Structure formats: C-alpha cells, structure tokens
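Undergrad: Input data.cif, format and content: mmCIF, C-alpha atoms.
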data_model
#
loop_
_atom_site.label_atom_id
_atom_site.label_comp_id
_atom_site.auth_asym_id
_atom_site.auth_seq_id
_atom_site.Cartn_x
_atom_site.Cartn_y
_atom_site.Cartn_z
CA MET R 1094 -56.99 -81.47 -173.48
CA LYS R 1095 -54.92 -81.92 -170.33
CA LEU R 1096 -56.30 -82.76 -166.92
CA PHE R 1097 -56.12 -79.87 -164.47
CA ASP R 1098 -53.21 -80.94 -162.26
CA VAL R 1099 -54.43 -80.45 -158.69
CA TYR R 1100 -53.95 -83.95 -157.25
CA PRO R 1101 -50.67 -85.61 -156.24
CA ILE R 1102 -51.50 -89.12 -157.43
CA ASN R 1103 -49.94 -92.57 -157.18
CA PRO R 1104 -48.99 -94.10 -160.56
CA ILE R 1105 -51.42 -96.99 -160.09
CA HIS R 1106 -54.36 -97.83 -162.35
CA ILE R 1107 -57.03 -99.63 -160.31
CA ALA R 1108 -59.07 -101.78 -162.69
CA ARG R 1109 -61.13 -104.04 -160.41
CA ALA R 1110 -62.32 -104.19 -156.81
CA GLN R 1111 -64.07 -106.60 -154.47
CA GLY R 1112 -64.62 -106.41 -150.72
CA SER R 1113 -61.49 -105.03 -149.03
CA TYR R 1114 -59.25 -105.58 -152.06
CA VAL R 1115 -58.53 -103.81 -155.33
CA TRP R 1116 -56.46 -104.96 -158.33
CA ASP R 1117 -54.47 -102.87 -160.77
CA ASN R 1118 -54.41 -103.31 -164.54
CA HIS R 1119 -51.46 -105.70 -164.21
CA GLY R 1120 -53.38 -107.99 -161.83
CA GLN R 1121 -51.54 -106.91 -158.67
CA GLN R 1122 -53.76 -107.18 -155.58
CA TYR R 1123 -53.85 -104.42 -152.94
CA LEU R 1124 -55.42 -104.46 -149.47
CA ASP R 1125 -57.52 -101.31 -149.19
CA MET R 1126 -57.19 -99.89 -145.66
CA TYR R 1127 -58.29 -96.42 -146.80
CA GLY R 1128 -61.54 -97.01 -148.68
CA GLY R 1129 -61.01 -94.12 -151.08
CA HIS R 1130 -61.16 -91.44 -148.35
CA ALA R 1131 -63.63 -93.40 -146.14
CA VAL R 1132 -66.11 -93.81 -149.00
CA ILE R 1133 -66.23 -97.62 -149.14
CA SER R 1134 -68.53 -98.53 -146.28
CA ILE R 1135 -69.85 -102.00 -147.16
CA GLY R 1136 -66.98 -103.27 -149.31
CA HIS R 1137 -66.15 -102.69 -152.97
CA THR R 1138 -68.82 -103.86 -155.46
CA HIS R 1139 -70.95 -105.55 -152.81
CA PRO R 1140 -73.37 -107.83 -154.73
CA HIS R 1141 -76.54 -106.37 -153.17
CA TRP R 1142 -75.33 -102.85 -153.96
CA THR R 1143 -74.44 -103.64 -157.57
CA GLN R 1144 -77.71 -105.50 -158.10
CA SER R 1145 -79.77 -102.63 -156.66
CA ILE R 1146 -78.10 -100.04 -158.89
CA THR R 1147 -78.37 -102.28 -161.96
CA GLU R 1148 -82.06 -102.97 -161.41
CA GLN R 1149 -82.77 -99.28 -160.88
CA LEU R 1150 -80.75 -98.30 -163.95
CA ASN R 1151 -82.92 -100.61 -166.04
CA GLN R 1152 -86.05 -98.77 -164.80
CA ILE R 1153 -85.14 -95.07 -164.55
CA ALA R 1154 -81.86 -93.41 -163.63
CA PHE R 1155 -82.91 -89.81 -163.15
CA TYR R 1156 -85.71 -87.35 -162.98
CA SER R 1157 -85.69 -84.04 -161.15
CA ASN R 1158 -87.23 -83.13 -157.80
CA SER R 1159 -90.22 -81.62 -159.62
CA VAL R 1160 -91.95 -85.02 -159.36
CA GLN R 1161 -92.52 -87.57 -156.63
CA ILE R 1162 -89.61 -89.97 -156.13
CA PRO R 1163 -90.86 -92.64 -153.69
CA LEU R 1164 -87.34 -93.97 -153.23
CA GLN R 1165 -86.53 -90.80 -151.30
CA GLN R 1166 -89.13 -91.59 -148.63
CA GLN R 1167 -88.00 -95.22 -148.53
CA LEU R 1168 -84.46 -93.98 -147.92
CA ALA R 1169 -85.64 -91.58 -145.20
CA ASP R 1170 -87.55 -94.39 -143.47
CA LYS R 1171 -84.57 -96.77 -143.57
CA LEU R 1172 -82.12 -94.08 -142.49
CA GLY R 1173 -84.33 -93.18 -139.53
CA GLN R 1174 -84.54 -96.82 -138.52
CA VAL R 1175 -80.81 -97.57 -138.72
CA SER R 1176 -79.62 -94.26 -137.24
CA GLY R 1177 -82.30 -94.04 -134.55
CA LYS R 1178 -83.21 -90.49 -135.67
CA THR R 1179 -86.76 -91.35 -136.73
CA ASP R 1180 -88.23 -87.89 -136.06
CA TYR R 1181 -85.66 -86.00 -138.17
CA GLN R 1182 -86.17 -84.69 -141.72
CA LEU R 1183 -84.01 -85.63 -144.72
CA PHE R 1184 -82.69 -83.35 -147.48
CA LEU R 1185 -80.66 -85.10 -150.15
CA CYS R 1186 -77.76 -83.61 -152.11
CA ASN R 1187 -74.57 -84.84 -153.79
CA SER R 1188 -71.38 -84.34 -151.77
CA GLY R 1189 -70.05 -83.69 -148.29
CA ALA R 1190 -69.18 -80.10 -149.10
CA GLU R 1191 -72.69 -79.53 -150.41
CA ALA R 1192 -74.16 -81.13 -147.28
CA ASN R 1193 -72.18 -78.79 -145.03
CA GLU R 1194 -72.96 -75.81 -147.27
CA ASN R 1195 -76.69 -76.51 -146.97
CA ALA R 1196 -76.46 -77.14 -143.23
CA LEU R 1197 -74.76 -73.79 -142.61
CA LYS R 1198 -77.19 -71.99 -144.90
CA LEU R 1199 -80.17 -73.61 -143.15
CA ALA R 1200 -78.81 -72.63 -139.73
CA SER R 1201 -78.55 -69.02 -140.88
CA PHE R 1202 -82.10 -69.09 -142.26
CA HIS R 1203 -83.39 -70.59 -139.01
CA THR R 1204 -81.65 -68.17 -136.65
CA ASN R 1205 -81.47 -65.10 -138.91
CA ARG R 1206 -77.83 -64.78 -137.80
CA LYS R 1207 -74.47 -64.80 -139.60
CA LYS R 1208 -71.74 -65.97 -137.24
CA ILE R 1209 -70.41 -69.55 -137.47
CA VAL R 1210 -68.11 -71.24 -134.93
CA ALA R 1211 -65.60 -73.75 -136.30
CA PHE R 1212 -62.44 -75.26 -134.86
CA SER R 1213 -58.72 -75.60 -135.44
CA LYS R 1214 -57.77 -78.30 -137.98
CA ALA R 1215 -61.39 -78.51 -139.19
CA PHE R 1216 -62.18 -79.66 -142.71
CA HIS R 1217 -65.75 -79.13 -143.93
CA GLY R 1218 -65.37 -79.06 -147.71
CA ARG R 1219 -64.30 -76.86 -150.61
CA THR R 1220 -67.46 -74.96 -151.57
CA SER R 1221 -67.76 -71.30 -150.62
CA LEU R 1222 -69.08 -71.34 -147.05
CA ALA R 1223 -67.87 -74.84 -146.20
CA VAL R 1224 -64.30 -73.92 -147.12
CA SER R 1225 -64.57 -70.70 -145.12
CA ALA R 1226 -65.17 -72.92 -142.08
CA THR R 1227 -62.16 -75.09 -142.99
CA ASP R 1228 -58.91 -74.40 -141.14
CA ASN R 1229 -56.50 -74.55 -144.07
CA LYS R 1230 -55.47 -71.34 -145.79
CA GLN R 1231 -54.30 -73.05 -148.98
CA TYR R 1232 -57.90 -74.08 -149.73
CA ILE R 1233 -59.40 -70.61 -149.22
CA ALA R 1234 -59.46 -68.23 -152.19
CA PRO R 1235 -59.81 -64.49 -151.54
CA VAL R 1236 -63.49 -64.64 -152.49
CA ASN R 1237 -64.06 -67.21 -149.71
CA GLU R 1238 -62.61 -65.04 -146.96
CA THR R 1239 -65.22 -63.86 -144.47
CA ASP R 1240 -65.39 -62.43 -140.96
CA ASN R 1241 -68.49 -64.54 -140.27
CA VAL R 1242 -66.49 -67.65 -139.29
CA ILE R 1243 -64.80 -67.73 -135.89
CA PHE R 1244 -62.15 -70.41 -135.29
CA LEU R 1245 -61.56 -71.71 -131.77
CA PRO R 1246 -59.15 -74.35 -130.42
CA PHE R 1247 -60.53 -77.88 -130.70
CA ASN R 1248 -61.75 -79.31 -127.37
CA ASP R 1249 -61.11 -76.00 -125.51
CA GLU R 1250 -64.17 -75.60 -123.29
CA ALA R 1251 -63.06 -72.34 -121.67
CA GLU R 1252 -62.60 -70.60 -125.04
CA LEU R 1253 -66.00 -71.80 -126.26
CA LYS R 1254 -67.77 -70.60 -123.10
CA ALA R 1255 -66.02 -67.22 -123.31
CA LEU R 1256 -67.04 -66.71 -126.93
CA PHE R 1257 -70.71 -67.50 -126.26
CA GLU R 1258 -70.73 -65.18 -123.24
CA PHE R 1259 -69.34 -62.40 -125.43
CA GLU R 1260 -71.45 -62.82 -128.59
CA GLY R 1261 -73.70 -65.84 -128.22
CA GLU R 1262 -76.72 -63.92 -129.52
CA GLN R 1263 -74.94 -63.50 -132.88
CA ILE R 1264 -73.96 -67.15 -133.40
CA ALA R 1265 -76.02 -69.00 -135.98
CA ALA R 1266 -74.27 -72.35 -135.65
CA VAL R 1267 -71.42 -74.39 -134.28
CA ILE R 1268 -70.08 -76.93 -136.78
CA ILE R 1269 -67.81 -79.73 -135.60
CA GLU R 1270 -66.57 -83.14 -136.71
CA GLY R 1271 -67.01 -85.72 -133.98
CA ILE R 1272 -63.68 -87.11 -135.16
CA GLN R 1273 -61.56 -84.86 -137.36
CA GLY R 1274 -60.40 -86.82 -140.38
CA VAL R 1275 -58.24 -84.56 -142.53
CA GLY R 1276 -57.11 -82.86 -139.30
CA GLY R 1277 -55.46 -86.08 -138.11
CA ILE R 1278 -58.03 -88.31 -136.32
CA ASN R 1279 -58.61 -85.89 -133.46
CA ILE R 1280 -61.53 -86.97 -131.27
CA ALA R 1281 -63.93 -84.44 -129.79
CA THR R 1282 -64.32 -85.20 -126.09
CA PRO R 1283 -67.82 -86.09 -124.86
CA SER R 1284 -67.78 -83.14 -122.47
CA PHE R 1285 -66.91 -80.74 -125.31
CA LEU R 1286 -69.80 -81.96 -127.48
CA GLN R 1287 -72.12 -81.83 -124.47
CA LEU R 1288 -71.04 -78.23 -123.85
CA ILE R 1289 -71.77 -77.33 -127.48
CA ARG R 1290 -75.24 -78.81 -127.07
CA SER R 1291 -75.97 -76.87 -123.88
CA LEU R 1292 -74.64 -73.55 -125.24
CA CYS R 1293 -76.61 -73.91 -128.47
CA ASP R 1294 -79.72 -74.59 -126.39
CA GLN R 1295 -79.04 -71.59 -124.17
CA TYR R 1296 -78.38 -69.12 -126.98
CA GLY R 1297 -80.66 -70.47 -129.70
CA SER R 1298 -77.81 -71.54 -132.00
CA VAL R 1299 -77.75 -74.61 -134.25
CA TYR R 1300 -75.46 -77.56 -133.50
CA ILE R 1301 -74.21 -79.03 -136.79
CA ALA R 1302 -72.60 -82.46 -136.51
CA ASP R 1303 -70.32 -82.85 -139.51
CA SER R 1304 -70.57 -86.62 -139.99
CA VAL R 1305 -69.36 -86.73 -143.57
CA GLN R 1306 -66.35 -88.88 -142.73
CA CYS R 1307 -66.97 -89.97 -139.13
CA GLY R 1308 -70.63 -90.96 -139.60
CA TYR R 1309 -72.53 -93.83 -141.19
CA GLY R 1310 -71.31 -96.41 -138.69
CA ARG R 1311 -67.60 -95.82 -139.12
CA SER R 1312 -67.02 -95.00 -135.44
CA GLY R 1313 -68.85 -98.05 -134.08
CA LYS R 1314 -71.99 -95.97 -133.61
CA PHE R 1315 -74.06 -94.57 -136.44
CA PHE R 1316 -72.83 -91.03 -135.78
CA SER R 1317 -69.59 -90.42 -133.90
CA HIS R 1318 -71.40 -87.69 -131.95
CA ASP R 1319 -73.51 -90.49 -130.44
CA HIS R 1320 -70.48 -91.42 -128.30
CA ALA R 1321 -71.17 -88.22 -126.32
CA GLY R 1322 -74.86 -89.01 -125.81
CA VAL R 1323 -76.02 -85.82 -127.54
CA ASP R 1324 -78.41 -85.07 -130.39
CA ALA R 1325 -77.31 -82.45 -132.91
CA ASP R 1326 -79.77 -80.20 -134.74
CA ILE R 1327 -78.35 -81.09 -138.16
CA TYR R 1328 -76.19 -84.04 -139.18
CA THR R 1329 -74.32 -83.92 -142.49
CA MET R 1330 -73.57 -87.13 -144.39
CA ALA R 1331 -71.80 -88.24 -147.57
CA LYS R 1332 -68.78 -90.54 -148.22
CA GLY R 1333 -69.95 -93.94 -146.91
CA MET R 1334 -73.58 -93.12 -147.67
CA GLY R 1335 -73.35 -94.44 -151.23
CA ASN R 1336 -70.33 -96.80 -151.06
CA GLY R 1337 -68.83 -94.95 -154.02
CA PHE R 1338 -71.97 -93.66 -155.71
CA PRO R 1339 -72.19 -89.85 -155.26
CA VAL R 1340 -74.90 -89.18 -152.70
CA ALA R 1341 -75.08 -86.99 -149.62
CA GLY R 1342 -77.63 -85.47 -147.31
CA ILE R 1343 -78.48 -83.68 -144.13
CA ILE R 1344 -80.95 -84.78 -141.49
CA ILE R 1345 -82.66 -81.98 -139.65
CA ALA R 1346 -84.29 -81.91 -136.22
CA PRO R 1347 -88.07 -81.44 -136.19
CA HIS R 1348 -87.96 -77.94 -134.66
CA ILE R 1349 -86.31 -76.54 -137.82
CA ALA R 1350 -89.12 -75.87 -140.26
CA PRO R 1351 -88.76 -76.13 -144.05
CA LYS R 1352 -89.94 -73.46 -146.50
CA TYR R 1353 -90.21 -73.76 -150.24
CA PHE R 1354 -87.05 -72.82 -152.14
CA MET R 1355 -84.77 -72.32 -149.10
CA LEU R 1356 -82.72 -75.33 -150.31
CA GLY R 1357 -82.58 -77.01 -153.67
CA THR R 1358 -80.65 -79.39 -155.92
CA THR R 1359 -80.82 -80.80 -159.43
CA PHE R 1360 -79.15 -84.17 -158.95
CA GLY R 1361 -79.68 -84.72 -155.22
CA GLY R 1362 -81.98 -87.60 -154.38
CA ASN R 1363 -82.10 -89.00 -157.90
CA HIS R 1364 -83.31 -92.55 -158.45
CA LEU R 1365 -79.88 -94.15 -158.81
CA ALA R 1366 -78.46 -92.34 -155.79
CA CYS R 1367 -81.37 -93.46 -153.63
CA ALA R 1368 -81.03 -97.06 -154.84
CA ALA R 1369 -77.34 -97.05 -153.94
CA ALA R 1370 -77.94 -95.46 -150.52
CA LEU R 1371 -80.77 -97.86 -149.69
CA ALA R 1372 -78.57 -100.81 -150.58
CA VAL R 1373 -75.84 -99.51 -148.27
CA LEU R 1374 -78.25 -99.25 -145.34
CA ASP R 1375 -79.63 -102.72 -146.07
CA VAL R 1376 -76.15 -104.21 -145.87
CA ILE R 1377 -75.11 -102.19 -142.81
CA ASP R 1378 -78.26 -103.42 -141.06
CA GLN R 1379 -78.33 -107.05 -142.23
CA GLU R 1380 -74.60 -107.72 -141.86
CA GLN R 1381 -74.30 -105.82 -138.55
CA LEU R 1382 -71.44 -103.73 -139.89
CA ILE R 1383 -71.58 -101.11 -137.15
CA ASP R 1384 -70.87 -103.81 -134.58
CA ASN R 1385 -68.13 -105.17 -136.83
CA ALA R 1386 -66.56 -101.72 -137.15
CA ARG R 1387 -66.48 -101.35 -133.38
CA GLU R 1388 -65.08 -104.81 -132.68
CA THR R 1389 -62.55 -104.91 -135.51
CA GLY R 1390 -61.48 -101.34 -134.76
CA GLU R 1391 -60.84 -102.15 -131.12
CA TYR R 1392 -58.84 -105.21 -132.17
CA LEU R 1393 -56.73 -103.18 -134.60
CA MET R 1394 -56.07 -100.35 -132.15
CA ASN R 1395 -55.11 -102.69 -129.32
CA ALA R 1396 -52.66 -104.47 -131.62
CA LEU R 1397 -51.22 -101.25 -133.05
CA ARG R 1398 -50.54 -99.96 -129.54
CA GLN R 1399 -48.18 -102.92 -129.05
CA ILE R 1400 -46.13 -102.07 -132.13
CA ALA R 1401 -43.09 -99.90 -131.54
CA PRO R 1402 -42.34 -97.21 -132.58
CA LEU R 1403 -45.91 -96.21 -133.53
CA GLN R 1404 -47.24 -93.45 -131.28
CA HIS R 1405 -50.58 -92.11 -130.07
CA VAL R 1406 -52.87 -94.72 -131.60
CA ARG R 1407 -56.40 -93.31 -131.42
CA GLY R 1408 -59.84 -93.47 -132.97
CA HIS R 1409 -63.25 -95.05 -132.71
CA GLY R 1410 -64.31 -98.08 -134.71
CA LEU R 1411 -62.67 -98.18 -138.13
CA MET R 1412 -61.57 -94.56 -138.08
CA ILE R 1413 -58.04 -94.93 -136.73
CA GLY R 1414 -54.95 -92.75 -136.67
CA PHE R 1415 -51.43 -93.05 -135.31
CA ASP R 1416 -48.30 -90.93 -135.39
CA VAL R 1417 -45.22 -92.06 -137.29
CA PRO R 1418 -41.81 -90.96 -135.95
CA GLU R 1419 -39.28 -89.36 -138.26
CA SER R 1420 -37.15 -92.53 -138.30
CA ILE R 1421 -39.85 -94.30 -140.35
CA ALA R 1422 -41.40 -91.27 -142.07
CA SER R 1423 -41.73 -93.19 -145.36
CA LEU R 1424 -43.92 -95.92 -143.80
CA LYS R 1425 -47.06 -95.08 -145.79
CA LYS R 1426 -45.17 -95.09 -149.08
CA HIS R 1427 -43.35 -98.31 -148.16
CA LEU R 1428 -46.61 -100.07 -147.28
CA LEU R 1429 -48.02 -99.17 -150.69
CA GLU R 1430 -44.98 -99.90 -152.83
CA GLN R 1431 -43.65 -103.01 -151.11
CA TYR R 1432 -46.67 -104.53 -149.38
CA HIS R 1433 -49.45 -103.31 -151.68
CA ILE R 1434 -51.55 -101.75 -148.93
CA PHE R 1435 -53.41 -98.48 -149.30
CA THR R 1436 -53.50 -96.23 -146.23
CA GLY R 1437 -54.18 -92.52 -145.77
CA GLU R 1438 -52.33 -89.72 -144.11
CA ALA R 1439 -52.69 -86.37 -142.40
CA LYS R 1440 -49.79 -83.98 -142.49
CA PRO R 1441 -47.21 -83.97 -141.11
CA ASN R 1442 -46.86 -87.46 -139.62
CA VAL R 1443 -50.20 -89.26 -139.20
CA ILE R 1444 -51.30 -92.45 -140.94
CA ARG R 1445 -55.08 -92.81 -141.21
CA LEU R 1446 -56.96 -96.10 -141.54
CA LEU R 1447 -60.47 -95.89 -143.01
CA PRO R 1448 -61.23 -99.35 -144.43
CA SER R 1449 -64.57 -100.89 -145.29
CA LEU R 1450 -66.80 -101.47 -142.26
CA ALA R 1451 -66.85 -105.10 -143.38
CA LEU R 1452 -63.11 -105.53 -142.81
CA ASN R 1453 -62.66 -108.97 -141.24
CA ARG R 1454 -60.18 -110.30 -138.70
CA ALA R 1455 -58.03 -112.08 -141.29
CA GLU R 1456 -57.68 -108.84 -143.30
CA ALA R 1457 -56.85 -106.91 -140.15
CA ASP R 1458 -54.20 -109.50 -139.28
CA ALA R 1459 -52.73 -109.28 -142.77
CA PHE R 1460 -52.34 -105.54 -142.31
CA LEU R 1461 -50.78 -105.93 -138.85
CA THR R 1462 -48.26 -108.48 -140.13
CA ALA R 1463 -47.33 -106.23 -143.04
CA ILE R 1464 -46.89 -103.07 -140.97
CA GLN R 1465 -44.62 -104.87 -138.51
CA GLN R 1466 -42.46 -106.16 -141.34
CA ALA R 1467 -42.44 -102.75 -143.04
CA ILE R 1468 -41.19 -101.12 -139.83
CA LYS R 1469 -38.40 -103.70 -139.63
CA ASP R 1470 -37.48 -102.89 -143.22
CA LEU R 1471 -37.21 -99.19 -142.43
CA GLN R 1472 -35.69 -99.53 -138.98
CA PRO R 1473 -33.70 -102.79 -139.06
CA SER R 1474 -31.95 -102.20 -135.75
#
Using structure tokens, write down the structure that the file contains.
TA:
Amino acid sequence: MKLFDVYPINPIHIARAQGSYVWDNHGQQYLDMYGGHAVISIGHTHPHWTQSITEQLNQIAFYSNSVQIPLQQQLADKLGQVSGKTDYQLFLCNSGAEANENALKLASFHTNRKKIVAFSKAFHGRTSLAVSATDNKQYIAPVNETDNVIFLPFNDEAELKALFEFEGEQIAAVIIEGIQGVGGINIATPSFLQLIRSLCDQYGSVYIADSVQCGYGRSGKFFSHDHAGVDADIYTMAKGMGNGFPVAGIIIAPHIAPKYFMLGTTFGGNHLACAAALAVLDVIDQEQLIDNARETGEYLMNALRQIAPLQHVRGHGLMIGFDVPESIASLKKHLLEQYHIFTGEAKPNVIRLLPSLALNRAEADAFLTAIQQAIKDLQPS
C-alpha cells in the first residue's frame, strides 16, 4: 500500500528529539524553530510530560465519555487557573479543526442562526464547516461550499460595521485568529478585536477566538486575543495544548448553556490526552514559559529588525514572521540544508518562527548567527 501523496515533505527522518533540538537517523542535529507547526510548546520530550504520559499509560489509556474521567475536571481547573478564564466551561476534542467545527456548531445552536463571518487569509481547519471558513480555495471541495460564510478584509473596521448594520440579526458568529498563522503572521489590531466584541454584544452574535496556533502562551499572553483586552465567547485550542499528543478543546463563556448531545466525541478527553495536557500546563506554569515567550520573542524580533534585507518583522512572543525579498527567496531551504534549522513559511515570501516556548537566549542567538551567515551565502555582495 502506498501513502496518499498530499504532503510536500523534506527527505529527513527525525529519530530523536529533546528540548529545542531534533536529530535525524544519521545523528545530525537540527535546531527546531518551527515546533512542528507550533505544536511543541514546552520542548520536545520534556521529562515531566513523558513521565506523566508513561504513568497514565500504566494505569489506563482510554475509556469513553460514558463514564466519569476525573482528569478532565483536573484539566479544566488547571486551564482556568493558568488562562485566567476560571468561569468558562471546557469541552475536549482532538484537533484544531474539530475545535473550530464544534465552536461554529455551538454558536449556531446558541443563536439559532446560520451566517458566519470570517476574514481574508483565514485558516480554521480542514473539516467541513471549518474549511468553509478558511480563505483558500484549494482546500475547499464542492461539498464544502456554502453561502453561510461571509469573508471580509482582515482588520477592516468599516467593512465589518457595514455588514453588521446590513444583516447583523442573521450572524451567528465571528471567527478570527488573533494572529493569523498560515495567512502569514498577520496581527489583528486591538481596535478590530474590540469592535468585534462590541458588535457581537449589540447583535447577539458569538465571538469565536481561534487560538489553535496563537494561543496557549505563544504570544506572550495565554491567548493572543488578550492583547486587545477583550473576552471572547468561545476560545478554540489545540497544537501546543498537548506538546505533540493529539488533544484539543474549546472553552465556553458561562452564558452559553450546554444541552445533552449537542456536542460529542469518542476520543476527546481520554485519559492519556488529559495527562499530556495537564503536564503541559504544569510546565508552562512552573517554568514561567509565557514570560519566556514574551521576552525571548521581543529579543528575537528586535535582532531580526537589524538584519538586512529582512522586511516587516512582526509578531507577538514566539509567533514571529518576516518577509524575504526575492534576492534570497531560497533562505528557508538554505537554513535547513546548510545550517540544519527548521523554520516555517507562508506563501509567497514569509518565514514563520514558532519554536518551543522554552527557547532560551543561547538557542535564539544560534539562530540569529546562522540566518546572518545564510543571507551572506545567498547575497554575498
């Protein structure tokens, strides 16, 4: 049987990982400045994380949500404490797409409406409704096409106001990434997020903060939406939530009431997933990784802004992007092949940095030294 060929992949076999580094099957070390699409939040194979999963595996790995799973309430308590959202409600699932799917479905249940507002360059996942709210036609099959999703320009306050004035009573939800990841590290302005909050309040719509990539401390606050001083009605989470173990969830404001069977999952909230997620929160809390993300991110961005010819360095915390001019268009590939550093990209010309929140100053300096030398290689003059 062949693998279904849908990923352009690097010919590298990663066999081992620790902290901010991975090693291939030949023993070559790589600095991981991408974290497997922002998944590695506390560092690869963190000892507390591996111990927690191992201990849980030796007790029970899985049973369904037809029985009590006390670990779920422990996770909810810890998540409320670390995020500051103590009065919210937690629903656990398995992936970012599933989190957004459930958030959109819940908003429609709550409002009894169908219309969803999303934004240009948005990415919310690949399941049916989540992909319909994703601004990329190559991901959307004919069966996913719907008139229920309205796309507006990102950060355009006038367009958003005009839409709500025209059909605000039909809008179930506004879904927005506080920082667009796949879209190219585009940051929602505080005033734009504040406007979403006020319009949703005015018209009875649900504000969904897609925090799958930009949440869980990556931005230097627990949720990137916190930079705007607003509270969303639903926050979606995945990626860094399990540090590589598949786990996701949504937290839901107290005014949205649950009913039996409106949401459901087989694997969501299983024992192993909860053990992994609890371990991640323990480490984030004990090692002050949100503060580290903010401080190390500021250090990296300030240094990158001094490196010509990089352009438009932006981000919050350890969610950083910059534009690469055509003269060094192969920079990402060169960093990987010659300097053994993983980075990400957003088409057509953005490099994305999404390392572990535990990235230290020495590792940041190693990256900065390498990128300067790589630019000299590609642009010797």
Undergrad: (-70.3, -63.1, -134.9) in this file's frame - what residues fall within 12 Å of it? Use all atoms listed in the file and give the answer as a VMD selection string.
TA: chain R and resid 1201 1206 to 1211 1239 to 1244 1256 to 1267 1298
Undergrad: Would you translate the PyMOL selection byres ((chain R and resi 1308) around 12) into the concrete set of residues it matches in this file, as an NGL selection string?
TA: :R and (1131-1132 or 1134 or 1176 or 1189 or 1270-1274 or 1302-1307 or 1309-1320 or 1328-1334 or 1341-1343 or 1383 or 1386 or 1409-1412 or 1447 or 1450)
Undergrad: Please list as a ChimeraX atom specification every residue within 10 Å of Ile1327 in chain R, counting all atoms listed in the file and excluding residues in the same chain fewer than 6 positions away.
TA: /R:1181-1183,1193,1196-1197,1199-1200,1266,1268,1299-1304,1343-1347,1349
Undergrad: Using CA of Ile1468 in chain R and CA of Met1394 in chain R as the two end points, give the distance in Å to one decimal.
TA: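 Atom-to-atom, CA of Ile1468 in chain R to CA of Met1394 in chain R, that is 16.8 Å.
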Undergrad: Excluding Thr1138 in chain R and any residue of its chain fewer than 6 positions from it, enumerate the residues within 7 Å of it, using only C-alpha atoms, and give them as a list of chain:residue names.
TA: R:Ala1110, R:Gln1111, R:Gly1112
Undergrad: For Gly1322 in chain R, which of R:Ser1188, R:Ser1284, R:Thr1462, R:Ser1145 is the closest residue, counting all atoms listed in the file?
TA: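 Using all atoms listed in the file, the shortest distance to Gly1322 in chain R belongs to R:Ser1284.
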Undergrad: Taking the structure in the block just given, could you write range 1395-1406 of chain R with N, CA, C and O atoms, as a PDB file, in the first residue's frame?
TA:
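The resulting out-v2.pdb:
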ATOM      1  N   ASN R1395      13.618  42.150  17.830  1.00  0.00           N
ATOM      2  CA  ASN R1395      14.489  43.327  17.806  1.00  0.00           C
ATOM      3  C   ASN R1395      15.764  43.044  17.026  1.00  0.00           C
ATOM      4  O   ASN R1395      16.243  43.897  16.258  1.00  0.00           O
ATOM      5  N   ALA R1396      16.315  41.847  17.198  1.00  0.00           N
ATOM      6  CA  ALA R1396      17.532  41.491  16.476  1.00  0.00           C
ATOM      7  C   ALA R1396      17.266  41.299  14.986  1.00  0.00           C
ATOM      8  O   ALA R1396      18.056  41.745  14.137  1.00  0.00           O
ATOM      9  N   LEU R1397      16.161  40.651  14.650  1.00  0.00           N
ATOM     10  CA  LEU R1397      15.828  40.413  13.241  1.00  0.00           C
ATOM     11  C   LEU R1397      15.603  41.726  12.492  1.00  0.00           C
ATOM     12  O   LEU R1397      15.909  41.830  11.302  1.00  0.00           O
ATOM     13  N   ARG R1398      15.085  42.725  13.185  1.00  0.00           N
ATOM     14  CA  ARG R1398      14.837  44.021  12.537  1.00  0.00           C
ATOM     15  C   ARG R1398      16.141  44.717  12.146  1.00  0.00           C
ATOM     16  O   ARG R1398      16.129  45.634  11.311  1.00  0.00           O
ATOM     17  N   GLN R1399      17.245  44.287  12.738  1.00  0.00           N
ATOM     18  CA  GLN R1399      18.544  44.881  12.406  1.00  0.00           C
ATOM     19  C   GLN R1399      19.248  44.143  11.270  1.00  0.00           C
ATOM     20  O   GLN R1399      20.335  44.551  10.859  1.00  0.00           O
ATOM     21  N   ILE R1400      18.632  43.074  10.780  1.00  0.00           N
ATOM     22  CA  ILE R1400      19.282  42.251   9.760  1.00  0.00           C
ATOM     23  C   ILE R1400      18.718  42.597   8.382  1.00  0.00           C
ATOM     24  O   ILE R1400      17.548  42.355   8.082  1.00  0.00           O
ATOM     25  N   ALA R1401      19.548  43.200   7.562  1.00  0.00           N
ATOM     26  CA  ALA R1401      19.162  43.441   6.176  1.00  0.00           C
ATOM     27  C   ALA R1401      19.437  42.163   5.386  1.00  0.00           C
ATOM     28  O   ALA R1401      20.395  41.443   5.674  1.00  0.00           O
ATOM     29  N   PRO R1402      18.591  41.849   4.404  1.00  0.00           N
ATOM     30  CA  PRO R1402      17.464  42.612   3.864  1.00  0.00           C
ATOM     31  C   PRO R1402      16.098  42.113   4.339  1.00  0.00           C
ATOM     32  O   PRO R1402      15.102  42.260   3.623  1.00  0.00           O
ATOM     33  N   LEU R1403      16.005  41.507   5.529  1.00  0.00           N
ATOM     34  CA  LEU R1403      14.722  41.031   6.022  1.00  0.00           C
ATOM     35  C   LEU R1403      13.763  42.215   6.173  1.00  0.00           C
ATOM     36  O   LEU R1403      14.166  43.324   6.528  1.00  0.00           O
ATOM     37  N   GLN R1404      12.486  41.973   5.901  1.00  0.00           N
ATOM     38  CA  GLN R1404      11.497  43.050   5.881  1.00  0.00           C
ATOM     39  C   GLN R1404      10.301  42.700   6.759  1.00  0.00           C
ATOM     40  O   GLN R1404       9.924  41.532   6.894  1.00  0.00           O
ATOM     41  N   HIS R1405       9.689  43.729   7.319  1.00  0.00           N
ATOM     42  CA  HIS R1405       8.404  43.636   8.010  1.00  0.00           C
ATOM     43  C   HIS R1405       8.416  42.535   9.066  1.00  0.00           C
ATOM     44  O   HIS R1405       7.578  41.627   9.066  1.00  0.00           O
ATOM     45  N   VAL R1406       9.365  42.604   9.972  1.00  0.00           N
ATOM     46  CA  VAL R1406       9.402  41.661  11.090  1.00  0.00           C
ATOM     47  C   VAL R1406       8.229  41.978  12.016  1.00  0.00           C
ATOM     48  O   VAL R1406       8.057  43.125  12.448  1.00  0.00           O
TER      49      VAL R1406
END
